[in-house]
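Asker: Sharing run.txt (compact mmCIF, C-alpha atoms) below.
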# COMPACT_ATOMS: atom_id res chain seq x y z
CA MET A 1 -15.11 -21.46 -1.52
CA SER A 2 -16.41 -21.99 2.04
CA VAL A 3 -13.68 -19.79 3.45
CA PHE A 4 -14.67 -17.05 1.01
CA SER A 5 -18.31 -17.41 1.96
CA SER A 6 -17.68 -16.99 5.68
CA PHE A 7 -15.29 -14.07 5.19
CA ALA A 8 -17.52 -12.25 2.69
CA ALA A 9 -20.66 -12.93 4.70
CA ARG A 10 -19.26 -11.03 7.68
CA LEU A 11 -18.67 -7.91 5.58
CA ARG A 12 -21.41 -8.57 2.99
CA ILE A 13 -19.09 -7.87 0.08
CA TYR A 14 -18.05 -9.32 -3.24
CA PRO A 15 -14.53 -10.84 -3.08
CA ILE A 16 -12.99 -7.57 -4.33
CA ILE A 17 -10.94 -5.27 -2.12
CA GLN A 18 -9.50 -1.97 -3.31
CA ALA A 19 -5.98 -1.58 -1.88
CA PRO A 20 -5.46 1.30 0.60
CA MET A 21 -2.71 3.09 -1.40
CA ALA A 22 -1.88 5.94 1.00
CA GLY A 23 -1.76 9.21 -0.91
CA VAL A 24 -3.73 7.81 -3.86
CA ALA A 25 -6.86 6.24 -2.41
CA THR A 26 -9.45 8.85 -1.43
CA PRO A 27 -12.72 8.72 0.50
CA GLU A 28 -14.47 9.16 -2.86
CA LEU A 29 -12.69 6.11 -4.32
CA ALA A 30 -13.23 3.94 -1.24
CA ALA A 31 -16.91 4.88 -1.02
CA ALA A 32 -17.51 4.20 -4.71
CA VAL A 33 -15.97 0.72 -4.39
CA SER A 34 -17.91 -0.06 -1.21
CA ASN A 35 -21.16 1.25 -2.69
CA SER A 36 -20.59 -1.07 -5.65
CA GLY A 37 -20.33 -4.11 -3.40
CA GLY A 38 -16.59 -4.37 -2.84
CA LEU A 39 -14.48 -3.27 0.11
CA GLY A 40 -13.10 0.22 -0.40
CA SER A 41 -9.99 1.29 1.51
CA ILE A 42 -8.18 4.41 2.64
CA GLY A 43 -4.59 4.56 3.91
CA ILE A 44 -3.89 6.89 6.84
CA GLY A 45 -0.26 5.94 7.52
CA ALA A 46 0.98 9.17 5.95
CA SER A 47 -1.67 11.38 7.58
CA SER A 48 -1.87 13.34 10.81
CA VAL A 49 -4.54 12.33 13.33
CA SER A 50 -6.81 15.18 12.27
CA GLN A 51 -6.31 14.39 8.58
CA ALA A 52 -7.02 10.71 9.20
CA LYS A 53 -10.18 11.45 11.16
CA GLU A 54 -11.38 13.76 8.41
CA MET A 55 -10.77 11.05 5.77
CA ILE A 56 -12.77 8.53 7.79
CA SER A 57 -15.58 11.05 8.35
CA ARG A 58 -15.73 11.87 4.64
CA THR A 59 -15.86 8.20 3.72
CA LYS A 60 -18.67 7.58 6.21
CA ALA A 61 -20.58 10.50 4.71
CA LEU A 62 -20.33 8.92 1.25
CA THR A 63 -21.17 5.31 2.12
CA SER A 64 -22.99 3.32 4.75
CA LYS A 65 -21.16 0.17 3.63
CA PRO A 66 -18.04 -1.32 5.25
CA PHE A 67 -14.63 0.12 4.34
CA ASN A 68 -11.05 -0.53 5.38
CA VAL A 69 -8.64 1.86 7.15
CA ASN A 70 -4.97 0.95 6.74
CA VAL A 71 -2.10 1.90 9.07
CA PHE A 72 1.70 1.45 9.02
CA CYS A 73 3.38 -0.67 11.72
CA HIS A 74 7.02 -0.04 10.80
CA ALA A 75 9.88 0.02 13.28
CA PRO A 76 11.10 3.55 14.15
CA ALA A 77 13.97 4.74 11.94
CA LEU A 78 17.49 4.04 13.16
CA ARG A 79 19.38 7.27 12.63
CA ASN A 80 22.73 7.04 10.84
CA GLU A 81 24.02 10.56 10.14
CA PRO A 82 26.97 9.54 7.89
CA LEU A 83 24.64 7.42 5.74
CA GLU A 84 22.02 10.16 5.62
CA ARG A 85 24.61 12.75 4.54
CA ALA A 86 25.96 10.37 1.89
CA TRP A 87 22.43 9.73 0.61
CA LEU A 88 21.69 13.43 0.28
CA GLN A 89 25.00 13.87 -1.53
CA ARG A 90 23.95 11.16 -4.01
CA MET A 91 20.75 13.11 -4.61
CA GLU A 92 22.49 16.45 -5.07
CA PRO A 93 22.51 16.44 -8.92
CA LEU A 94 18.74 15.91 -8.89
CA PHE A 95 18.16 18.78 -6.49
CA GLN A 96 20.43 20.97 -8.65
CA GLU A 97 18.37 20.08 -11.72
CA CYS A 98 15.34 21.45 -9.84
CA GLU A 99 17.30 24.55 -8.77
CA MET A 100 16.84 23.54 -5.15
CA ASP A 101 19.32 23.44 -2.27
CA VAL A 102 20.07 19.99 -0.91
CA PRO A 103 18.42 19.48 2.50
CA THR A 104 20.82 19.53 5.42
CA SER A 105 18.86 16.94 7.42
CA LEU A 106 16.10 14.37 7.10
CA ASN A 107 12.92 14.09 9.12
CA GLU A 108 10.95 11.05 10.28
CA ILE A 109 7.80 12.11 8.48
CA TYR A 110 5.62 9.10 9.36
CA LYS A 111 4.94 7.90 12.88
CA SER A 112 4.37 4.18 13.32
CA PHE A 113 0.93 3.07 14.46
CA ILE A 114 2.61 0.95 17.13
CA ALA A 115 3.77 4.11 18.90
CA ASP A 116 0.82 6.36 18.07
CA GLU A 117 -1.73 6.09 20.88
CA GLU A 118 -3.70 9.04 19.52
CA VAL A 119 -4.39 7.35 16.19
CA PHE A 120 -5.27 4.11 17.96
CA GLN A 121 -7.81 5.84 20.22
CA MET A 122 -9.25 7.65 17.21
CA LEU A 123 -9.85 4.31 15.46
CA LEU A 124 -11.56 2.91 18.55
CA GLU A 125 -13.86 5.94 18.54
CA GLU A 126 -14.56 5.92 14.79
CA ARG A 127 -14.96 2.14 14.59
CA PRO A 128 -14.43 1.51 10.88
CA ALA A 129 -15.59 -1.94 9.81
CA VAL A 130 -12.05 -3.03 8.92
CA VAL A 131 -8.56 -1.99 10.04
CA SER A 132 -5.52 -3.38 8.21
CA PHE A 133 -1.82 -3.31 9.02
CA HIS A 134 1.23 -2.99 6.77
CA PHE A 135 5.00 -3.34 7.46
CA GLY A 136 4.40 -5.34 10.62
CA LEU A 137 1.90 -5.96 13.38
CA PRO A 138 0.23 -4.01 16.18
CA THR A 139 0.41 -5.13 19.79
CA ALA A 140 -1.77 -7.93 21.14
CA GLN A 141 -3.59 -5.41 23.32
CA GLN A 142 -4.37 -3.20 20.32
CA VAL A 143 -5.77 -6.17 18.41
CA SER A 144 -7.89 -7.23 21.38
CA LEU A 145 -9.38 -3.77 21.86
CA LEU A 146 -10.11 -3.35 18.14
CA LYS A 147 -11.86 -6.71 18.04
CA ASP A 148 -13.84 -5.80 21.18
CA GLU A 149 -15.30 -2.98 19.07
CA GLY A 150 -16.35 -5.45 16.39
CA ILE A 151 -13.62 -4.31 13.97
CA CYS A 152 -12.35 -6.86 11.44
CA THR A 153 -8.52 -6.93 11.33
CA LEU A 154 -6.23 -7.77 8.40
CA ALA A 155 -2.46 -7.69 7.93
CA THR A 156 -0.10 -8.07 4.99
CA ALA A 157 2.27 -11.04 4.73
CA THR A 158 4.94 -11.64 2.10
CA ASN A 159 5.99 -15.07 3.38
CA LEU A 160 4.82 -17.96 5.54
CA ASP A 161 6.62 -16.83 8.70
CA GLU A 162 4.85 -13.44 8.63
CA ALA A 163 1.54 -15.17 7.99
CA ARG A 164 2.04 -17.42 11.00
CA GLN A 165 2.76 -14.37 13.16
CA ILE A 166 -0.50 -12.81 11.95
CA GLN A 167 -2.46 -15.95 12.78
CA LYS A 168 -0.84 -16.28 16.22
CA LEU A 169 -1.81 -12.69 17.04
CA GLY A 170 -5.45 -13.51 16.33
CA LEU A 171 -6.19 -11.32 13.33
CA ASP A 172 -9.11 -12.16 11.05
CA ALA A 173 -7.44 -12.52 7.63
CA ILE A 174 -4.12 -12.32 5.82
CA VAL A 175 -3.32 -10.23 2.74
CA ALA A 176 -0.87 -12.37 0.72
CA GLN A 177 1.24 -9.80 -1.15
CA GLY A 178 3.08 -11.26 -4.11
CA ILE A 179 6.18 -9.73 -5.65
CA GLU A 180 4.04 -8.51 -8.59
CA ALA A 181 2.28 -5.94 -6.41
CA GLY A 182 2.78 -2.21 -6.82
CA GLY A 183 3.73 0.08 -3.97
CA HIS A 184 5.51 -0.87 -0.78
CA ARG A 185 6.31 -4.46 0.14
CA GLY A 186 4.80 -5.33 3.49
CA VAL A 187 7.92 -7.11 4.77
CA PHE A 188 8.26 -7.09 8.56
CA ASP A 189 12.05 -7.42 8.81
CA LEU A 190 14.14 -5.53 6.26
CA ASP A 191 17.24 -7.50 7.28
CA ALA A 192 15.65 -10.86 6.49
CA VAL A 193 16.01 -12.48 3.07
CA ASP A 194 12.98 -11.69 0.91
CA GLU A 195 12.07 -14.79 -1.10
CA GLN A 196 10.04 -12.53 -3.43
CA LEU A 197 7.31 -15.12 -3.82
CA THR A 198 4.79 -14.61 -6.58
CA MET A 199 1.16 -14.17 -5.64
CA PRO A 200 0.01 -17.65 -6.80
CA VAL A 201 2.83 -19.42 -4.93
CA LEU A 202 2.31 -17.36 -1.78
CA VAL A 203 -1.47 -17.84 -1.79
CA ARG A 204 -1.16 -21.62 -2.13
CA LEU A 205 1.52 -21.74 0.56
CA LEU A 206 -0.62 -19.79 3.01
CA VAL A 207 -3.85 -21.64 2.17
CA LYS A 208 -2.12 -24.95 2.92
CA ASN A 209 -0.31 -23.83 6.08
CA THR A 210 -2.61 -21.38 7.88
CA ASP A 211 -6.22 -21.44 9.02
CA LEU A 212 -7.18 -17.83 8.21
CA PRO A 213 -8.87 -16.49 5.05
CA ILE A 214 -6.26 -15.43 2.51
CA ILE A 215 -6.64 -12.29 0.41
CA ALA A 216 -4.60 -12.44 -2.81
CA ALA A 217 -2.69 -9.28 -3.79
CA GLY A 218 -0.30 -8.63 -6.66
CA GLY A 219 -0.80 -8.28 -10.41
CA ILE A 220 -4.60 -8.69 -10.34
CA MET A 221 -6.20 -6.27 -12.80
CA ASP A 222 -9.45 -7.81 -14.02
CA GLY A 223 -12.24 -10.23 -13.20
CA GLN A 224 -10.36 -13.12 -14.75
CA GLY A 225 -7.51 -12.44 -12.33
CA ILE A 226 -9.97 -12.35 -9.43
CA HIS A 227 -11.43 -15.68 -10.54
CA ALA A 228 -7.95 -17.21 -10.79
CA ALA A 229 -7.06 -16.00 -7.28
CA LEU A 230 -10.23 -17.57 -5.86
CA GLU A 231 -9.45 -20.83 -7.67
CA LEU A 232 -6.10 -20.83 -5.84
CA GLY A 233 -8.04 -20.83 -2.58
CA ALA A 234 -8.06 -17.11 -1.80
CA ALA A 235 -11.07 -15.70 0.03
CA ALA A 236 -10.87 -12.43 -1.92
CA ALA A 237 -8.61 -10.45 -4.22
CA GLN A 238 -7.05 -7.06 -3.47
CA LEU A 239 -6.45 -4.71 -6.43
CA GLY A 240 -4.49 -1.48 -6.27
CA THR A 241 -3.00 -0.44 -9.61
CA ALA A 242 -6.31 -1.29 -11.30
CA PHE A 243 -7.96 1.66 -9.52
CA ILE A 244 -5.30 4.37 -10.00
CA LEU A 245 -6.74 5.72 -13.27
CA CYS A 246 -10.21 6.07 -11.77
CA PRO A 247 -11.15 9.77 -11.61
CA GLU A 248 -11.84 9.33 -7.87
CA SER A 249 -8.17 8.56 -7.11
CA ALA A 250 -5.76 11.32 -6.04
CA ALA A 251 -3.18 10.44 -8.71
CA ASN A 252 -1.99 13.63 -10.44
CA GLU A 253 -1.72 14.04 -14.20
CA GLY A 254 1.95 13.10 -14.24
CA TYR A 255 1.17 9.81 -12.51
CA ARG A 256 -1.76 9.13 -14.83
CA ALA A 257 0.33 9.91 -17.91
CA ALA A 258 3.03 7.49 -16.77
CA LEU A 259 0.44 4.75 -16.22
CA ARG A 260 -1.08 5.34 -19.67
CA SER A 261 2.32 5.29 -21.40
CA GLU A 262 4.47 2.46 -22.72
CA HIS A 263 6.67 2.95 -19.64
CA ALA A 264 3.97 1.32 -17.50
CA SER A 265 5.35 -2.07 -18.50
CA ASN A 266 8.73 -1.20 -16.95
CA THR A 267 8.36 -1.42 -13.17
CA ARG A 268 11.05 -2.10 -10.60
CA LEU A 269 11.23 -3.02 -6.94
CA THR A 270 13.47 -0.40 -5.33
CA SER A 271 14.19 1.19 -1.94
CA VAL A 272 15.52 4.49 -3.27
CA PHE A 273 12.33 6.48 -2.81
CA SER A 274 11.53 5.69 0.79
CA GLY A 275 14.11 3.40 2.33
CA ARG A 276 11.77 0.40 1.98
CA PRO A 277 11.31 -1.81 -1.10
CA ALA A 278 8.44 -0.67 -3.30
CA ARG A 279 7.47 -1.32 -6.93
CA GLY A 280 6.99 1.62 -9.25
CA ILE A 281 7.39 2.73 -12.85
CA VAL A 282 11.05 3.27 -13.67
CA ASN A 283 11.95 6.94 -14.15
CA GLN A 284 14.92 9.29 -13.90
CA PHE A 285 14.92 9.19 -10.11
CA ILE A 286 15.25 5.40 -10.02
CA GLN A 287 17.76 5.29 -12.85
CA HIS A 288 20.01 7.83 -11.11
CA LEU A 289 19.91 6.35 -7.62
CA ASP A 290 19.26 2.61 -7.89
CA ARG A 291 22.54 0.75 -8.29
CA GLY A 292 21.28 -2.60 -7.14
CA SER A 293 23.08 -4.26 -4.24
CA GLU A 294 25.54 -1.34 -4.06
CA THR A 295 22.80 1.10 -3.07
CA GLN A 296 22.78 2.11 0.60
CA VAL A 297 19.68 4.18 1.24
CA ALA A 298 18.78 6.24 4.30
CA ALA A 299 16.28 4.50 6.60
CA TYR A 300 12.51 4.58 6.12
CA PRO A 301 10.83 7.05 6.25
CA LEU A 302 13.84 9.42 6.31
CA ALA A 303 14.69 8.74 2.68
CA TYR A 304 11.07 9.44 1.77
CA ASP A 305 11.39 12.92 3.27
CA ALA A 306 14.11 13.79 0.75
CA ALA A 307 12.28 12.17 -2.18
CA LYS A 308 9.05 13.99 -1.41
CA ARG A 309 10.79 17.36 -1.15
CA LEU A 310 12.50 16.77 -4.48
CA SER A 311 9.39 15.54 -6.30
CA ALA A 312 7.34 18.47 -4.99
CA ALA A 313 9.94 20.97 -6.23
CA ALA A 314 10.12 19.23 -9.60
CA ALA A 315 6.33 19.06 -9.95
CA ASN A 316 6.15 22.82 -9.44
CA LYS A 317 8.23 23.09 -12.61
CA GLY A 318 6.08 20.58 -14.48
CA ASN A 319 8.67 17.81 -14.08
CA HIS A 320 7.29 14.45 -12.95
CA LYS A 321 10.45 12.40 -13.57
CA PHE A 322 11.34 12.34 -9.89
CA ALA A 323 7.96 11.24 -8.49
CA ALA A 324 7.09 7.84 -7.08
CA HIS A 325 4.59 6.36 -9.52
CA TRP A 326 3.76 3.15 -7.69
CA ALA A 327 2.43 0.42 -9.96
CA GLY A 328 2.36 -3.36 -10.13
CA GLN A 329 3.44 -5.61 -12.97
CA GLY A 330 -0.10 -5.62 -14.33
CA ALA A 331 0.04 -1.85 -14.91
CA PRO A 332 -0.32 -2.01 -18.72
CA MET A 333 -3.80 -3.49 -18.17
CA ALA A 334 -5.07 -0.48 -16.18
CA ARG A 335 -8.42 0.87 -17.37
CA GLU A 336 -9.50 4.49 -17.13
CA LEU A 337 -13.04 4.21 -15.79
CA PRO A 338 -15.08 5.67 -12.94
CA ALA A 339 -14.75 3.38 -9.94
CA GLU A 340 -18.39 2.26 -10.11
CA ASP A 341 -18.04 1.30 -13.78
CA LEU A 342 -14.76 -0.51 -13.12
CA MET A 343 -16.34 -2.44 -10.25
CA ASN A 344 -19.26 -3.44 -12.45
CA LYS A 345 -16.83 -4.72 -15.09
CA LEU A 346 -14.75 -6.60 -12.51
CA ILE A 347 -17.85 -8.28 -11.11
CA GLU A 348 -19.15 -9.16 -14.58
CA GLU A 349 -15.77 -10.61 -15.65
CA TRP A 350 -15.37 -12.57 -12.42
CA ARG A 351 -18.81 -14.14 -12.74
CA ARG A 352 -18.36 -15.37 -16.32
Represent the structure from my file as structure tokens, please.

Answerer:
Amino acid sequence: MSVFSSFAARLRIYPIIQAPMAGVATPELAAAVSNSGGLGSIGIGASSVSQAKEMISRTKALTSKPFNVNVFCHAPALRNEPLERAWLQRMEPLFQECEMDVPTSLNEIYKSFIADEEVFQMLLEERPAVVSFHFGLPTAQQVSLLKDEGICTLATATNLDEARQIQKLGLDAIVAQGIEAGGHRGVFDLDAVDEQLTMPVLVRLLVKNTDLPIIAAGGIMDGQGIHAALELGAAAAQLGTAFILCPESAANEGYRAALRSEHASNTRLTSVFSGRPARGIVNQFIQHLDRGSETQVAAYPLAYDAAKRLSAAAANKGNHKFAAHWAGQGAPMARELPAEDLMNKLIEEWRR
């Protein structure tokens, strides 16, 4: 527990981190978690610079406690026009069902933090207590400048090699993302074999082979799960799906209904929404497009452009069967509580 004590003492938090969940986590959610003694998070990887700055400003207005700002460090998309056309053709029946023309091209809707100097400078100016990285790592210079501002840095690892890269770069802690986790896998190299390690195995592997605090992520939904993660040697636990039903989250009613339903127990890791593997509740979109190893998806985030256009058109007609409802394997245990009440329960359960 000494590693936990040193890590938590720096931020003055309980060992509970709310996952960033870009598009779902809001300043209101992050602030409520931080005000309750945890570490709230917002994800700005899908936001413009002005949107990101506004989210950080709103969070600061709602809490004086530390919170985490998460960014995407993915490699730029490699364009493949034949593959992109073929992917759009595969999606054509779904667009027809929504009475929508199939797009003629795909756009790179998210810019990687690695190549976004404006976002980097904005973070240096805003100085959030914590900045975390997903899909890869920033440059050594970026890490150095962030740390010069007193910013704590975290990055997601799904295997030991990624964790060693994080440690070598000099970051402060590692988020060990097990295969149980909802949302996007943080894998660095999409061409590498993903061992799909479970959270307990990954945490133990990283605790034994790295010197940094390890944050357990994947399938943790209650205080008992937090306690178990700490017993494995983790410094803290990161929960995402557990917070989606909080009224402070940005999840729409279709998402909430899916998470409340019996379908919440049926999640799948798939690349068909975005071009990167992510775990969500199985729906018509996944069933139509995911053919296992035969599926060749347009690159990230190009594929996401098509999926978002389709889901927006469908939602306008009250159809949520084509939306990405990210959720981990613990989804059936989600509780519908205000974030403060959920945090109080998590803390009480963990301390028993």

Asker: Considering all atoms listed in the file, return as a list in words whatever protein or nucleic-acid residues lie within 9 Å of Thr59 in chain A, sequence-local ones (same chain, fewer than 4 positions apart) excluded.

Answerer: Thr26, Pro27, Glu28, Leu29, Ala30, Ala31, Ile42, Glu54, Met55, Thr63, Ser64 and Phe67 of chain A

Asker: Since we have the selection now, will you write its residues out, keeping C-alpha atoms, as a PDB file, in the coordinates of the input?

Answerer:
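Output contents, as saved in result28.pdb:
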ATOM      1  CA  THR A  26      -9.450   8.850  -1.430  1.00  0.00           C
ATOM      2  CA  PRO A  27     -12.720   8.720   0.500  1.00  0.00           C
ATOM      3  CA  GLU A  28     -14.470   9.160  -2.860  1.00  0.00           C
ATOM      4  CA  LEU A  29     -12.690   6.110  -4.320  1.00  0.00           C
ATOM      5  CA  ALA A  30     -13.230   3.940  -1.240  1.00  0.00           C
ATOM      6  CA  ALA A  31     -16.910   4.880  -1.020  1.00  0.00           C
ATOM      7  CA  ILE A  42      -8.180   4.410   2.640  1.00  0.00           C
ATOM      8  CA  GLU A  54     -11.380  13.760   8.410  1.00  0.00           C
ATOM      9  CA  MET A  55     -10.770  11.050   5.770  1.00  0.00           C
ATOM     10  CA  THR A  63     -21.170   5.310   2.120  1.00  0.00           C
ATOM     11  CA  SER A  64     -22.990   3.320   4.750  1.00  0.00           C
ATOM     12  CA  PHE A  67     -14.630   0.120   4.340  1.00  0.00           C
TER      13      PHE A  67
END

Asker: Excluding Glu81 in chain A and any residue of its chain fewer than 4 positions from it, enumerate the residues within 9 Å of it, using only C-alpha atoms, and give them as a list in words.

Answerer: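 Within the cut-off, the hits are Arg85, Ala86, Ser105 and Ala298 of chain A.
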
Asker: Take CA of Gly223 in chain A and CA of Glu348 in chain A and report the distance between them in Å, one decimal.

Answerer: 7.1 Å

Asker: For the atom pair CA of Ala327 in chain A and CA of Asp194 in chain A, what is the interatomic distance in Å to one decimal place?

Answerer: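 Rounded to one decimal, the two atoms are 19.4 Å apart.
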
Asker: Rounded to one decimal in Å, what is the spacing between CA of Ala251 in chain A and CA of Glu118 in chain A?

Answerer: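 Value for the CA of Ala251 in chain A-CA of Glu118 in chain A distance: 28.3 Å.
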
Asker: Using only C-alpha atoms, pick whichever of A:Met91, A:Leu205, A:Ala192, A:Met343 has the shortest atom-to-atom distance to Phe273 in chain A.

Answerer: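 Of A:Met91, A:Leu205, A:Ala192, A:Met343, the one nearest Phe273 in chain A, counting only C-alpha atoms, is A:Met91.
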
Asker: As number ranges by chain, please: the residues near Ala323 in chain A (cut-off 12 Å, only C-alpha atoms, same-chain neighbours under 5 positions excluded).

Answerer: A: 94, 251-256, 258, 272-274, 280-286, 304, 306-316, 318

Asker: Looking at A:Gln329, A:Ser132, A:Gln89, A:Asn68, which one is nearest to Val33 in chain A, with distances taken over only C-alpha atoms?

Answerer: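 Smallest distance to Val33 in chain A is found for A:Asn68.
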
Asker: Could you check the closest approach to Ala250 in chain A for each of A:Arg351, A:Leu106, A:His325, A:Asp222 and tell me which residue wins, using only C-alpha atoms?

Answerer: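 The closest residue to Ala250 in chain A is A:His325.
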
Asker: With a cut-off of 10 Å, could you pull out the residues of range 267-350 of chain A touching range 182-189 of chain A and give me the nearest pair of atoms for each, distance in Å to one decimal, using all atoms listed in the file, ordered by chain and ascending number, as JSON lines?

Answerer:
{"residue": "A:Thr267", "atom": "CA", "partner": "A:Gly182", "partner_atom": "CA", "distance": 8.5}
{"residue": "A:Arg268", "atom": "CA", "partner": "A:Gly182", "partner_atom": "CA", "distance": 9.1}
{"residue": "A:Leu269", "atom": "CA", "partner": "A:Gly182", "partner_atom": "CA", "distance": 8.5}
{"residue": "A:Thr270", "atom": "CA", "partner": "A:His184", "partner_atom": "CA", "distance": 9.2}
{"residue": "A:Ser271", "atom": "CA", "partner": "A:His184", "partner_atom": "CA", "distance": 9.0}
{"residue": "A:Ser274", "atom": "CA", "partner": "A:His184", "partner_atom": "CA", "distance": 9.0}
{"residue": "A:Arg276", "atom": "CA", "partner": "A:His184", "partner_atom": "CA", "distance": 7.0}
{"residue": "A:Pro277", "atom": "CA", "partner": "A:Arg185", "partner_atom": "CA", "distance": 5.8}
{"residue": "A:Ala278", "atom": "CA", "partner": "A:His184", "partner_atom": "CA", "distance": 3.9}
{"residue": "A:Arg279", "atom": "CA", "partner": "A:Gly182", "partner_atom": "CA", "distance": 4.8}
{"residue": "A:Gly280", "atom": "CA", "partner": "A:Gly182", "partner_atom": "CA", "distance": 6.2}
{"residue": "A:Ile281", "atom": "CA", "partner": "A:Gly182", "partner_atom": "CA", "distance": 9.1}
{"residue": "A:Ala324", "atom": "CA", "partner": "A:Gly183", "partner_atom": "CA", "distance": 9.0}
{"residue": "A:His325", "atom": "CA", "partner": "A:Gly183", "partner_atom": "CA", "distance": 8.4}
{"residue": "A:Trp326", "atom": "CA", "partner": "A:Gly183", "partner_atom": "CA", "distance": 4.8}
{"residue": "A:Ala327", "atom": "CA", "partner": "A:Gly182", "partner_atom": "CA", "distance": 4.1}
{"residue": "A:Gly328", "atom": "CA", "partner": "A:Gly182", "partner_atom": "CA", "distance": 3.5}
{"residue": "A:Gln329", "atom": "CA", "partner": "A:Gly182", "partner_atom": "CA", "distance": 7.1}
{"residue": "A:Gly330", "atom": "CA", "partner": "A:Gly182", "partner_atom": "CA", "distance": 8.7}
{"residue": "A:Ala331", "atom": "CA", "partner": "A:Gly182", "partner_atom": "CA", "distance": 8.5}
